[in-house]
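File shown: protein26.cif. Contents: mmCIF, C-alpha atoms.
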data_entry
#
loop_
_atom_site.label_atom_id
_atom_site.label_comp_id
_atom_site.auth_asym_id
_atom_site.auth_seq_id
_atom_site.Cartn_x
_atom_site.Cartn_y
_atom_site.Cartn_z
CA MET B 11 7.87 -5.08 -10.90
CA LEU B 12 10.90 -6.36 -9.00
CA SER B 13 11.61 -2.91 -7.63
CA LEU B 14 8.04 -2.52 -6.34
CA ALA B 15 8.16 -6.07 -4.98
CA ILE B 16 11.12 -4.99 -2.84
CA ALA B 17 9.56 -1.69 -1.78
CA MET B 18 6.11 -3.02 -0.94
CA GLY B 19 6.38 -6.78 -0.49
CA ILE B 20 9.43 -6.50 1.77
CA GLY B 21 9.87 -2.86 2.82
CA ARG B 22 6.24 -2.38 3.87
CA PHE B 23 4.59 -5.75 4.30
CA ALA B 24 7.25 -8.27 5.36
CA PHE B 25 6.29 -7.29 8.89
CA THR B 26 2.86 -8.92 8.52
CA PRO B 27 3.93 -12.57 7.96
CA LEU B 28 6.80 -12.17 10.45
CA LEU B 29 4.57 -10.74 13.21
CA PRO B 30 3.33 -14.15 14.46
CA MET B 31 6.97 -15.29 14.66
CA MET B 32 7.93 -12.19 16.65
CA LEU B 33 5.01 -12.78 19.01
CA SER B 34 6.02 -16.43 19.40
CA ASP B 35 9.63 -15.44 20.13
CA GLY B 36 8.38 -13.09 22.84
CA VAL B 37 10.25 -10.08 21.44
CA ILE B 38 7.06 -8.05 21.00
CA ASP B 39 3.41 -7.97 22.07
CA LEU B 40 0.33 -6.93 20.11
CA PRO B 41 0.14 -3.31 21.39
CA ALA B 42 3.80 -2.75 20.50
CA ALA B 43 3.22 -4.41 17.13
CA SER B 44 0.41 -1.95 16.44
CA TRP B 45 2.72 0.98 17.03
CA LEU B 46 5.44 -0.54 14.85
CA ALA B 47 2.93 -0.91 12.04
CA SER B 48 1.78 2.69 12.44
CA ALA B 49 5.40 3.90 12.41
CA ASN B 50 5.88 2.25 9.03
CA TYR B 51 2.66 3.71 7.63
CA LEU B 52 3.60 7.15 8.95
CA GLY B 53 6.94 6.85 7.20
CA TYR B 54 5.20 5.88 3.95
CA MET B 55 2.98 8.94 4.17
CA VAL B 56 5.95 11.22 4.88
CA GLY B 57 7.93 9.66 2.02
CA ALA B 58 5.06 10.10 -0.42
CA LEU B 59 4.67 13.76 0.53
CA LEU B 60 8.42 14.32 0.19
CA CYS B 61 8.25 12.90 -3.33
CA THR B 62 5.29 15.10 -4.14
CA PHE B 63 7.02 18.29 -3.01
CA GLN B 64 10.55 17.32 -4.12
CA PRO B 65 10.45 19.54 -7.26
CA TRP B 66 9.25 22.50 -5.16
CA ILE B 67 11.95 21.88 -2.52
CA TRP B 68 14.69 21.67 -5.14
CA LYS B 69 13.41 24.85 -6.79
CA ARG B 70 13.24 26.63 -3.44
CA PHE B 71 16.78 25.67 -2.47
CA GLY B 72 18.82 26.20 -5.61
CA PHE B 73 22.04 24.83 -4.11
CA LEU B 74 20.69 21.26 -4.04
CA PRO B 75 22.14 19.14 -6.86
CA GLU B 76 19.80 17.72 -9.49
CA VAL B 77 19.10 14.05 -8.82
CA ALA B 78 17.80 11.65 -11.48
CA SER B 79 14.87 9.36 -10.79
CA ALA B 80 17.12 6.31 -11.11
CA THR B 81 19.32 7.61 -8.28
CA TRP B 82 16.32 7.96 -5.96
CA VAL B 83 15.24 4.40 -6.81
CA ARG B 84 18.69 2.96 -6.14
CA ALA B 85 19.02 4.84 -2.87
CA GLY B 86 15.59 3.64 -1.77
CA LEU B 87 16.37 0.03 -2.64
CA ILE B 88 19.63 0.10 -0.68
CA ALA B 89 17.89 1.71 2.28
CA THR B 90 15.10 -0.90 2.21
CA THR B 91 17.67 -3.69 2.23
CA LEU B 92 19.70 -2.26 5.13
CA LEU B 93 16.65 -1.35 7.22
CA THR B 94 15.19 -4.83 6.76
CA LEU B 95 18.47 -6.40 7.89
CA GLY B 96 18.53 -4.01 10.86
CA MET B 97 15.27 -5.47 12.18
CA ALA B 98 17.14 -8.75 12.82
CA VAL B 99 19.10 -7.08 15.62
CA TYR B 100 17.33 -7.13 18.99
CA LEU B 101 17.01 -3.39 19.57
CA PRO B 102 13.33 -2.86 20.42
CA LEU B 103 13.79 0.85 21.10
CA ALA B 104 15.22 1.35 17.61
CA TRP B 105 12.60 -0.73 15.79
CA PRO B 106 10.01 2.08 15.46
CA LEU B 107 12.65 4.30 13.83
CA LEU B 108 13.71 1.50 11.49
CA ARG B 109 10.12 0.82 10.46
CA PHE B 110 9.47 4.54 9.96
CA ALA B 111 12.55 4.88 7.75
CA ALA B 112 11.56 1.73 5.84
CA GLY B 113 8.21 3.36 5.12
CA VAL B 114 9.91 6.47 3.75
CA ALA B 115 12.17 4.34 1.56
CA SER B 116 9.21 2.31 0.30
CA ALA B 117 7.37 5.45 -0.79
CA VAL B 118 10.45 6.83 -2.56
CA VAL B 119 10.96 3.60 -4.49
CA PHE B 120 7.26 3.31 -5.32
CA VAL B 121 6.92 6.85 -6.66
CA TYR B 122 10.17 7.11 -8.59
CA THR B 123 10.08 3.58 -9.99
CA SER B 124 6.59 4.30 -11.28
CA GLY B 125 7.63 7.56 -12.90
CA TRP B 126 10.80 6.08 -14.38
CA CYS B 127 8.90 3.13 -15.85
CA LEU B 128 6.12 5.27 -17.32
CA SER B 129 8.71 7.56 -18.93
CA GLN B 130 10.54 4.62 -20.50
CA LEU B 131 7.30 3.06 -21.76
CA ALA B 132 6.24 6.40 -23.26
CA ARG B 133 9.53 6.51 -25.18
CA LEU B 134 8.85 2.99 -26.42
CA GLY B 135 5.30 3.91 -27.48
CA ALA B 136 3.67 1.50 -25.01
CA PRO B 137 2.28 3.68 -22.19
CA THR B 138 -0.69 1.40 -21.53
CA LEU B 139 1.65 -1.26 -20.14
CA GLY B 140 2.44 1.01 -17.19
CA GLY B 141 -0.23 -0.50 -14.99
CA VAL B 142 1.43 -3.91 -15.20
CA ILE B 143 4.21 -2.87 -12.82
CA TYR B 144 1.64 -2.60 -10.01
CA ALA B 145 1.48 -6.39 -10.01
CA GLY B 146 4.94 -6.14 -8.39
CA PRO B 147 3.65 -5.42 -4.86
CA GLY B 148 1.36 -8.44 -5.07
CA ALA B 149 4.21 -10.67 -6.20
CA GLY B 150 6.38 -9.38 -3.36
CA ILE B 151 3.65 -9.96 -0.78
CA ALA B 152 3.02 -13.50 -2.04
CA LEU B 153 6.75 -14.28 -2.08
CA SER B 154 7.35 -12.96 1.43
CA GLY B 155 4.34 -14.91 2.68
CA LEU B 156 5.56 -18.18 1.18
CA PHE B 157 9.04 -17.67 2.62
CA ALA B 158 7.52 -16.97 6.04
CA SER B 159 5.38 -20.11 5.80
CA GLY B 160 8.50 -22.19 5.22
CA MET B 161 10.31 -20.56 8.13
CA VAL B 162 7.39 -21.24 10.47
CA ALA B 163 7.38 -24.89 9.41
CA LEU B 164 11.12 -25.09 10.17
CA HIS B 165 10.64 -23.31 13.53
CA TRP B 166 13.03 -20.52 12.66
CA THR B 167 13.11 -17.29 14.64
CA ALA B 168 11.80 -13.93 13.46
CA ALA B 169 15.37 -12.58 13.47
CA ALA B 170 16.31 -15.22 10.91
CA GLY B 171 13.27 -14.17 8.90
CA TRP B 172 14.36 -10.54 8.81
CA LEU B 173 17.86 -11.62 7.72
CA ILE B 174 16.43 -13.76 4.92
CA PHE B 175 14.14 -10.98 3.71
CA GLY B 176 17.03 -8.51 3.83
CA GLY B 177 19.16 -10.92 1.80
CA LEU B 178 16.32 -11.43 -0.66
CA ALA B 179 15.98 -7.66 -1.06
CA ALA B 180 19.72 -7.42 -1.70
CA VAL B 181 19.62 -10.10 -4.40
CA MET B 182 16.61 -8.54 -6.12
CA THR B 183 18.24 -5.09 -5.92
CA ALA B 184 21.32 -6.46 -7.66
CA MET B 185 19.09 -7.92 -10.37
CA VAL B 186 17.54 -4.55 -11.24
CA TRP B 187 20.51 -2.30 -10.44
CA ARG B 188 21.76 -1.90 -14.03
CA THR B 189 18.23 -1.39 -15.33
CA PHE B 190 17.95 1.96 -13.60
CA ASN B 191 20.47 4.01 -15.52
CA GLU B 192 21.30 7.65 -14.99
CA ARG B 193 19.81 9.12 -18.17
CA PRO B 194 17.99 12.37 -17.28
CA LEU B 195 14.26 11.89 -17.03
CA GLN B 196 11.40 14.30 -16.74
CA ALA B 197 10.73 15.36 -13.16
CA ILE B 198 7.87 13.47 -11.60
CA GLY B 199 5.55 13.74 -8.66
CA ALA B 200 3.18 11.39 -6.93
CA GLY B 201 0.31 12.13 -9.29
CA ALA B 202 2.31 11.57 -12.44
CA ALA B 203 3.87 8.42 -11.10
CA THR B 204 0.96 6.18 -10.70
CA ALA B 205 -0.99 5.44 -13.82
CA PRO B 206 -1.24 6.23 -17.48
CA ALA B 207 -3.20 9.33 -18.19
CA ALA B 208 -6.91 8.99 -18.27
CA ALA B 209 -9.06 10.41 -20.97
CA SER B 210 -8.39 14.09 -21.50
CA PRO B 211 -10.43 16.04 -18.99
CA SER B 212 -12.04 19.37 -19.45
CA ALA B 213 -11.91 22.19 -16.94
CA PRO B 214 -10.74 21.71 -13.33
CA ALA B 215 -13.53 20.73 -10.94
CA GLY B 216 -14.59 22.73 -7.90
CA PRO B 217 -12.85 22.27 -4.53
CA SER B 218 -15.77 20.40 -2.95
CA GLN B 219 -15.23 17.41 -5.26
CA MET B 220 -11.60 17.14 -4.22
CA VAL B 221 -12.55 17.35 -0.56
CA PHE B 222 -15.05 14.49 -0.86
CA LEU B 223 -12.65 12.42 -2.98
CA THR B 224 -9.82 12.94 -0.48
CA LEU B 225 -11.92 11.98 2.54
CA THR B 226 -13.36 8.94 0.80
CA TYR B 227 -9.96 7.79 -0.43
CA GLY B 228 -8.70 8.03 3.15
CA LEU B 229 -11.35 5.49 4.17
CA ALA B 230 -9.64 2.93 1.92
CA GLY B 231 -6.42 3.28 3.90
CA PHE B 232 -8.25 2.70 7.15
CA GLY B 233 -10.55 -0.02 5.83
CA TYR B 234 -7.96 -2.48 4.55
CA ILE B 235 -5.05 -1.90 6.93
CA ILE B 236 -6.39 -3.77 9.96
CA THR B 237 -6.75 -7.01 8.04
CA ALA B 238 -3.56 -6.46 6.03
CA THR B 239 -1.55 -5.94 9.22
CA PHE B 240 -3.01 -8.60 11.51
CA LEU B 241 -4.32 -11.28 9.09
CA PRO B 242 -1.93 -14.08 10.17
CA VAL B 243 -2.53 -13.30 13.87
CA ILE B 244 -6.32 -13.19 13.38
CA ALA B 245 -6.24 -16.50 11.52
CA ARG B 246 -4.16 -18.15 14.26
CA GLU B 247 -6.62 -16.98 16.88
CA ALA B 248 -9.59 -18.35 14.92
CA MET B 249 -7.95 -21.57 13.65
CA PRO B 250 -5.30 -22.64 16.18
CA GLY B 251 -3.08 -25.41 14.94
CA SER B 252 -4.23 -25.31 11.31
CA ILE B 253 -1.51 -26.04 8.75
CA TRP B 254 -3.13 -23.62 6.27
CA ILE B 255 -2.86 -20.46 8.36
CA ASP B 256 0.38 -19.23 6.80
CA PHE B 257 -1.03 -19.45 3.26
CA PHE B 258 -3.63 -16.71 3.72
CA TRP B 259 -1.06 -13.92 3.34
CA PRO B 260 0.31 -15.31 0.03
CA ILE B 261 -3.31 -15.58 -1.15
CA PHE B 262 -3.70 -11.87 -0.36
CA GLY B 263 -0.61 -11.19 -2.47
CA LEU B 264 -2.01 -13.28 -5.31
CA GLY B 265 -5.16 -11.16 -5.15
CA VAL B 266 -3.12 -7.95 -5.35
CA PHE B 267 -1.17 -9.34 -8.32
CA SER B 268 -4.24 -10.41 -10.30
CA GLY B 269 -6.24 -7.28 -9.40
CA ALA B 270 -3.50 -5.01 -10.73
CA LEU B 271 -3.47 -6.83 -14.06
CA LEU B 272 -7.26 -6.77 -14.32
CA ALA B 273 -7.41 -3.04 -13.55
CA THR B 274 -5.26 -2.23 -16.59
CA ARG B 275 -7.86 -3.93 -18.80
CA VAL B 276 -10.69 -1.58 -17.77
CA PRO B 277 -11.40 0.99 -20.51
CA ALA B 278 -10.80 4.60 -19.48
CA ARG B 279 -14.29 5.62 -20.66
CA HIS B 280 -15.89 4.34 -17.44
CA ASP B 281 -16.64 6.68 -14.55
CA PHE B 282 -13.85 5.79 -12.14
CA ARG B 283 -16.06 6.56 -9.13
CA TYR B 284 -18.26 3.57 -10.03
CA LEU B 285 -15.13 1.42 -10.26
CA LEU B 286 -13.89 2.71 -6.92
CA ALA B 287 -17.24 1.95 -5.31
CA VAL B 288 -17.06 -1.61 -6.60
CA CYS B 289 -13.51 -2.00 -5.28
CA TYR B 290 -14.54 -0.81 -1.82
CA LEU B 291 -17.49 -3.23 -1.82
CA VAL B 292 -15.23 -6.13 -2.82
CA GLN B 293 -12.85 -5.37 0.05
CA ALA B 294 -15.78 -5.03 2.46
CA LEU B 295 -17.04 -8.46 1.33
CA GLY B 296 -13.56 -9.86 1.91
CA ILE B 297 -13.58 -8.61 5.49
CA ALA B 298 -17.13 -9.89 6.00
CA ALA B 299 -16.09 -13.35 4.77
CA SER B 300 -13.46 -13.67 7.50
CA VAL B 301 -15.76 -12.20 10.18
CA PHE B 302 -18.85 -14.31 9.53
CA SER B 303 -16.99 -17.44 8.40
CA PRO B 304 -13.70 -17.71 10.36
CA THR B 305 -12.88 -20.96 8.59
CA LEU B 306 -10.39 -22.11 5.98
CA ALA B 307 -12.75 -21.15 3.15
CA GLY B 308 -13.75 -17.85 4.79
CA PHE B 309 -10.18 -16.66 5.32
CA ALA B 310 -9.04 -17.82 1.86
CA ILE B 311 -11.92 -16.05 0.08
CA GLY B 312 -11.56 -13.01 2.34
CA SER B 313 -7.82 -12.73 1.66
CA LEU B 314 -8.35 -12.93 -2.09
CA LEU B 315 -11.18 -10.37 -2.11
CA LEU B 316 -9.24 -7.98 0.12
CA GLY B 317 -6.18 -8.16 -2.12
CA MET B 318 -7.70 -7.85 -5.57
CA PRO B 319 -8.79 -4.17 -5.28
CA PHE B 320 -5.67 -3.12 -3.30
CA THR B 321 -3.65 -1.48 -6.09
CA ALA B 322 -6.71 -1.12 -8.36
CA ILE B 323 -8.08 1.47 -5.92
CA THR B 324 -4.91 3.54 -6.30
CA PHE B 325 -4.90 3.01 -10.06
CA PHE B 326 -8.47 4.31 -10.47
CA ALA B 327 -8.11 7.13 -7.92
CA MET B 328 -5.05 8.51 -9.74
CA GLN B 329 -7.02 8.72 -12.96
CA GLU B 330 -9.93 10.42 -11.19
CA VAL B 331 -7.49 13.00 -9.82
CA ARG B 332 -6.19 13.65 -13.33
CA ARG B 333 -9.79 14.32 -14.41
CA LEU B 334 -10.48 16.71 -11.55
CA ARG B 335 -7.10 18.44 -11.45
CA PRO B 336 -5.54 18.14 -14.93
CA GLN B 337 -3.04 20.94 -14.29
CA ALA B 338 -2.10 20.04 -10.72
CA ALA B 339 -2.38 16.27 -10.51
CA ALA B 340 0.83 15.87 -8.48
CA SER B 341 -0.15 18.18 -5.63
CA ALA B 342 -3.71 16.83 -5.57
CA MET B 343 -2.42 13.27 -5.40
CA GLY B 344 -0.16 14.28 -2.54
CA LEU B 345 -3.27 15.36 -0.65
CA LEU B 346 -4.96 12.01 -1.31
CA THR B 347 -1.79 10.14 -0.32
CA ALA B 348 -1.73 11.99 2.99
CA ALA B 349 -5.37 11.10 3.67
CA TYR B 350 -4.69 7.46 2.81
CA GLY B 351 -1.69 7.49 5.10
CA ILE B 352 -3.69 8.94 7.97
CA GLY B 353 -6.22 6.15 7.53
CA GLN B 354 -3.45 3.55 7.67
CA ILE B 355 -1.87 5.11 10.72
CA ALA B 356 -5.18 5.16 12.61
CA GLY B 357 -5.95 1.47 12.06
CA PRO B 358 -3.37 -0.37 14.21
CA PRO B 359 -3.74 1.86 17.33
CA LEU B 360 -7.50 1.32 17.14
CA VAL B 361 -6.88 -2.43 17.21
CA ALA B 362 -4.62 -2.04 20.22
CA LEU B 363 -7.29 0.01 22.03
CA LEU B 364 -10.07 -2.46 21.25
CA LEU B 365 -7.94 -5.44 22.28
CA LYS B 366 -7.19 -3.74 25.58
CA HIS B 367 -10.90 -3.31 26.36
CA SER B 368 -12.10 -6.68 25.01
CA ARG B 369 -12.60 -9.89 26.94
CA ASN B 370 -10.37 -11.82 24.54
CA LEU B 371 -8.42 -11.46 21.29
CA GLY B 372 -11.21 -12.89 19.14
CA GLU B 373 -13.72 -10.33 20.36
CA GLY B 374 -11.28 -7.45 19.86
CA PHE B 375 -10.30 -8.49 16.36
CA THR B 376 -13.90 -9.11 15.32
CA LEU B 377 -14.96 -5.64 16.39
CA SER B 378 -11.95 -4.14 14.62
CA LEU B 379 -12.83 -5.93 11.39
CA GLU B 380 -16.47 -4.88 11.63
CA ILE B 381 -15.44 -1.24 11.94
CA ALA B 382 -13.06 -1.62 8.98
CA GLY B 383 -15.77 -3.21 6.84
CA ALA B 384 -18.27 -0.52 7.77
CA SER B 385 -15.81 2.21 6.75
CA LEU B 386 -15.33 0.61 3.32
CA LEU B 387 -19.09 0.31 2.87
CA ALA B 388 -19.45 3.99 3.76
CA GLY B 389 -16.77 4.82 1.19
CA ALA B 390 -18.58 2.90 -1.54
CA LEU B 391 -21.82 4.75 -0.78
CA ALA B 392 -19.94 8.05 -0.82
CA TYR B 393 -18.62 7.39 -4.33
CA LEU B 394 -22.13 6.53 -5.56
CA TRP B 395 -23.39 9.78 -4.04
CA MET B 396 -20.60 11.71 -5.78
CA VAL B 397 -21.62 10.21 -9.12
CA SER B 398 -25.11 11.63 -8.60
CA ALA B 399 -24.03 14.96 -7.10
CA TYR B 400 -21.15 15.63 -9.52
CA PRO B 401 -21.90 13.96 -12.88
CA VAL B 402 -19.10 13.86 -15.41
CA ALA B 403 -21.34 15.07 -18.22
CA GLY B 404 -24.66 16.84 -18.43
CA ARG B 405 -24.16 19.16 -15.46
CA ALA B 406 -21.47 21.63 -14.62
CA PRO B 407 -19.31 20.72 -11.59
CA ARG B 408 -20.36 22.44 -8.38
#

Please express the file's structure as structure tokens.
Amino acid sequence: MLSLAIAMGIGRFAFTPLLPMMLSDGVIDLPAASWLASANYLGYMVGALLCTFQPWIWKRFGFLPEVASATWVRAGLIATTLLTLGMAVYLPLAWPLLRFAAGVASAVVFVYTSGWCLSQLARLGAPTLGGVIYAGPGAGIALSGLFASGMVALHWTAAAGWLIFGGLAAVMTAMVWRTFNERPLQAIGAGAATAPAAASPSAPAGPSQMVFLTLTYGLAGFGYIITATFLPVIAREAMPGSIWIDFFWPIFGLGVFSGALLATRVPARHDFRYLLAVCYLVQALGIAASVFSPTLAGFAIGSLLLGMPFTAITFFAMQEVRRLRPQAAASAMGLLTAAYGIGQIAGPPLVALLLKHSRNLGEGFTLSLEIAGASLLAGALAYLWMVSAYPVAGRAPR
């Protein structure tokens, strides 16, 4: 959990609570912020794909030394710490590269921590506890948000914020360093590193099911990322001067934390496409709450509803992939990860484009959120259609 808190709460999402501080310091504007966010999401997609194809790359190039999962985790944690500290230096031209590299490191830590943990729990005879580690990103997001709230109250600069988050990552890395030992572990890929195995599937499904699942999963990346990237800025625009603005991001993290724990309690006998549809609808309702009620209650409820399905969507999608592609879950999950990453990358530039052609920030953000909510609603309907078109039992897959 601590490792994923570093990778996700700091490596990926520390930028969100620090963005208002960077805007206030005048070191960045919203269009540039959009590109920085996309650079990080592009790096995460590249990192996830590298993890997926790492066994193939090592097999292809026999001269590469074998590297244990723990080594990848340690390297990723060190990289996340150094790259976070690097953002404190005023080098705007280098920031996109730093955020890209931080995204790669985050993906490496996420994938290999997950695989390492699941392997250890399997040895201990407690594989069902694997989903608990996905509460780590929520805890990291909430922690980074609370730290940022304190820094805003003290009128600190964004550079100080990056230094503090880098120091926090270093301390947390030291706490978990000895946990990740060098005992050889079974090679993992993105598909095997995400959730305990679902119920044993039968034969592999046809390619059309994977195509629809991949496209629909990509909508989740696009649907949540606009709010997750710009939530503090949107709240400041709607509620200028409110003392509660900086608490919406920690509430999002609390939602992620609780949603991950709740997802592990769902029996595997359910059709995961129904569960995914519900998750998409919950996130769409969260976005609608902040659009139609830009108040303290609206943003608080919206942040919680947006966060709760965040890791649950990944948790359920991984198990659906294992049902459809029991013999090639890793490569299939790499495909879904790429689609999710493309969705994330597309979100921030769309915001920048809409802001450029809007009369004011409020109008641009509102339209962006409406598009995001509509994409999640479309995804939920797509899953319900897939349940009808490709039933798990009673009809052979098409």

message = Report as a PyMOL selection string all protein, DNA and RNA residues lying within 7 Å of B:Gly389, evaluated on all atoms listed in the file, omitting residues in the same chain fewer than 2 positions from it.
response = chain B and resi 226+229+290+385-387+391-393

request  = Measure the distance from atom CA of B:Phe240 to atom CA of B:Ala89 in Å and round it to one decimal.
outcome  = 25.1 Å

Shell around stretch 42-49 of chain B at 12 Å using all atoms listed in the file, local window under 4 positions removed, as a tab-separated table (two decimals) with C-alpha atoms, keeping the file's coordinate frame:
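Final file, result_1.tsv:
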chain	number	residue	atom	x	y	z
B	21	GLY	CA	9.87	-2.86	2.82
B	22	ARG	CA	6.24	-2.38	3.87
B	23	PHE	CA	4.59	-5.75	4.30
B	24	ALA	CA	7.25	-8.27	5.36
B	25	PHE	CA	6.29	-7.29	8.89
B	26	THR	CA	2.86	-8.92	8.52
B	28	LEU	CA	6.80	-12.17	10.45
B	29	LEU	CA	4.57	-10.74	13.21
B	30	PRO	CA	3.33	-14.15	14.46
B	31	MET	CA	6.97	-15.29	14.66
B	32	MET	CA	7.93	-12.19	16.65
B	33	LEU	CA	5.01	-12.78	19.01
B	36	GLY	CA	8.38	-13.09	22.84
B	37	VAL	CA	10.25	-10.08	21.44
B	38	ILE	CA	7.06	-8.05	21.00
B	53	GLY	CA	6.94	6.85	7.20
B	54	TYR	CA	5.20	5.88	3.95
B	55	MET	CA	2.98	8.94	4.17
B	56	VAL	CA	5.95	11.22	4.88
B	97	MET	CA	15.27	-5.47	12.18
B	102	PRO	CA	13.33	-2.86	20.42
B	103	LEU	CA	13.79	0.85	21.10
B	104	ALA	CA	15.22	1.35	17.61
B	105	TRP	CA	12.60	-0.73	15.79
B	106	PRO	CA	10.01	2.08	15.46
B	107	LEU	CA	12.65	4.30	13.83
B	108	LEU	CA	13.71	1.50	11.49
B	109	ARG	CA	10.12	0.82	10.46
B	110	PHE	CA	9.47	4.54	9.96
B	111	ALA	CA	12.55	4.88	7.75
B	112	ALA	CA	11.56	1.73	5.84
B	113	GLY	CA	8.21	3.36	5.12
B	114	VAL	CA	9.91	6.47	3.75
B	231	GLY	CA	-6.42	3.28	3.90
B	232	PHE	CA	-8.25	2.70	7.15
B	235	ILE	CA	-5.05	-1.90	6.93
B	236	ILE	CA	-6.39	-3.77	9.96
B	238	ALA	CA	-3.56	-6.46	6.03
B	239	THR	CA	-1.55	-5.94	9.22
B	240	PHE	CA	-3.01	-8.60	11.51
B	243	VAL	CA	-2.53	-13.30	13.87
B	351	GLY	CA	-1.69	7.49	5.10
B	352	ILE	CA	-3.69	8.94	7.97
B	353	GLY	CA	-6.22	6.15	7.53
B	354	GLN	CA	-3.45	3.55	7.67
B	355	ILE	CA	-1.87	5.11	10.72
B	356	ALA	CA	-5.18	5.16	12.61
B	357	GLY	CA	-5.95	1.47	12.06
B	358	PRO	CA	-3.37	-0.37	14.21
B	359	PRO	CA	-3.74	1.86	17.33
B	360	LEU	CA	-7.50	1.32	17.14
B	361	VAL	CA	-6.88	-2.43	17.21
B	362	ALA	CA	-4.62	-2.04	20.22
B	363	LEU	CA	-7.29	0.01	22.03
B	364	LEU	CA	-10.07	-2.46	21.25
B	365	LEU	CA	-7.94	-5.44	22.28

key: Picked residues, the PyMOL selection byres ((chain B and resi 311) around 12), expected as a PyMOL selection string   = chain B and resi 257-259+261-262+264-265+292-310+312-318

Got time to write the residues from that selection, C-alpha atoms, as a CSV table (one decimal), in the frame of the given file?
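Once written, result-v3.csv looks like this:
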chain,number,residue,atom,x,y,z
B,257,PHE,CA,-1.0,-19.4,3.3
B,258,PHE,CA,-3.6,-16.7,3.7
B,259,TRP,CA,-1.1,-13.9,3.3
B,261,ILE,CA,-3.3,-15.6,-1.2
B,262,PHE,CA,-3.7,-11.9,-0.4
B,264,LEU,CA,-2.0,-13.3,-5.3
B,265,GLY,CA,-5.2,-11.2,-5.2
B,292,VAL,CA,-15.2,-6.1,-2.8
B,293,GLN,CA,-12.8,-5.4,0.0
B,294,ALA,CA,-15.8,-5.0,2.5
B,295,LEU,CA,-17.0,-8.5,1.3
B,296,GLY,CA,-13.6,-9.9,1.9
B,297,ILE,CA,-13.6,-8.6,5.5
B,298,ALA,CA,-17.1,-9.9,6.0
B,299,ALA,CA,-16.1,-13.4,4.8
B,300,SER,CA,-13.5,-13.7,7.5
B,301,VAL,CA,-15.8,-12.2,10.2
B,302,PHE,CA,-18.8,-14.3,9.5
B,303,SER,CA,-17.0,-17.4,8.4
B,304,PRO,CA,-13.7,-17.7,10.4
B,305,THR,CA,-12.9,-21.0,8.6
B,306,LEU,CA,-10.4,-22.1,6.0
B,307,ALA,CA,-12.8,-21.2,3.2
B,308,GLY,CA,-13.8,-17.8,4.8
B,309,PHE,CA,-10.2,-16.7,5.3
B,310,ALA,CA,-9.0,-17.8,1.9
B,312,GLY,CA,-11.6,-13.0,2.3
B,313,SER,CA,-7.8,-12.7,1.7
B,314,LEU,CA,-8.4,-12.9,-2.1
B,315,LEU,CA,-11.2,-10.4,-2.1
B,316,LEU,CA,-9.2,-8.0,0.1
B,317,GLY,CA,-6.2,-8.2,-2.1
B,318,MET,CA,-7.7,-7.8,-5.6

ask   = Which polymer residues have any atom within 7 Å of an atom of stretch 176-185 of chain B, counting all atoms listed in the file, with same-chain residues fewer than 3 positions away left out, as a list of chain:residue names?
value =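 Here the qualifying residues turn out to be B:Leu12, B:Ile16, B:Leu87, B:Thr91, B:Leu92, B:Thr94, B:Leu95, B:Trp172, B:Leu173.
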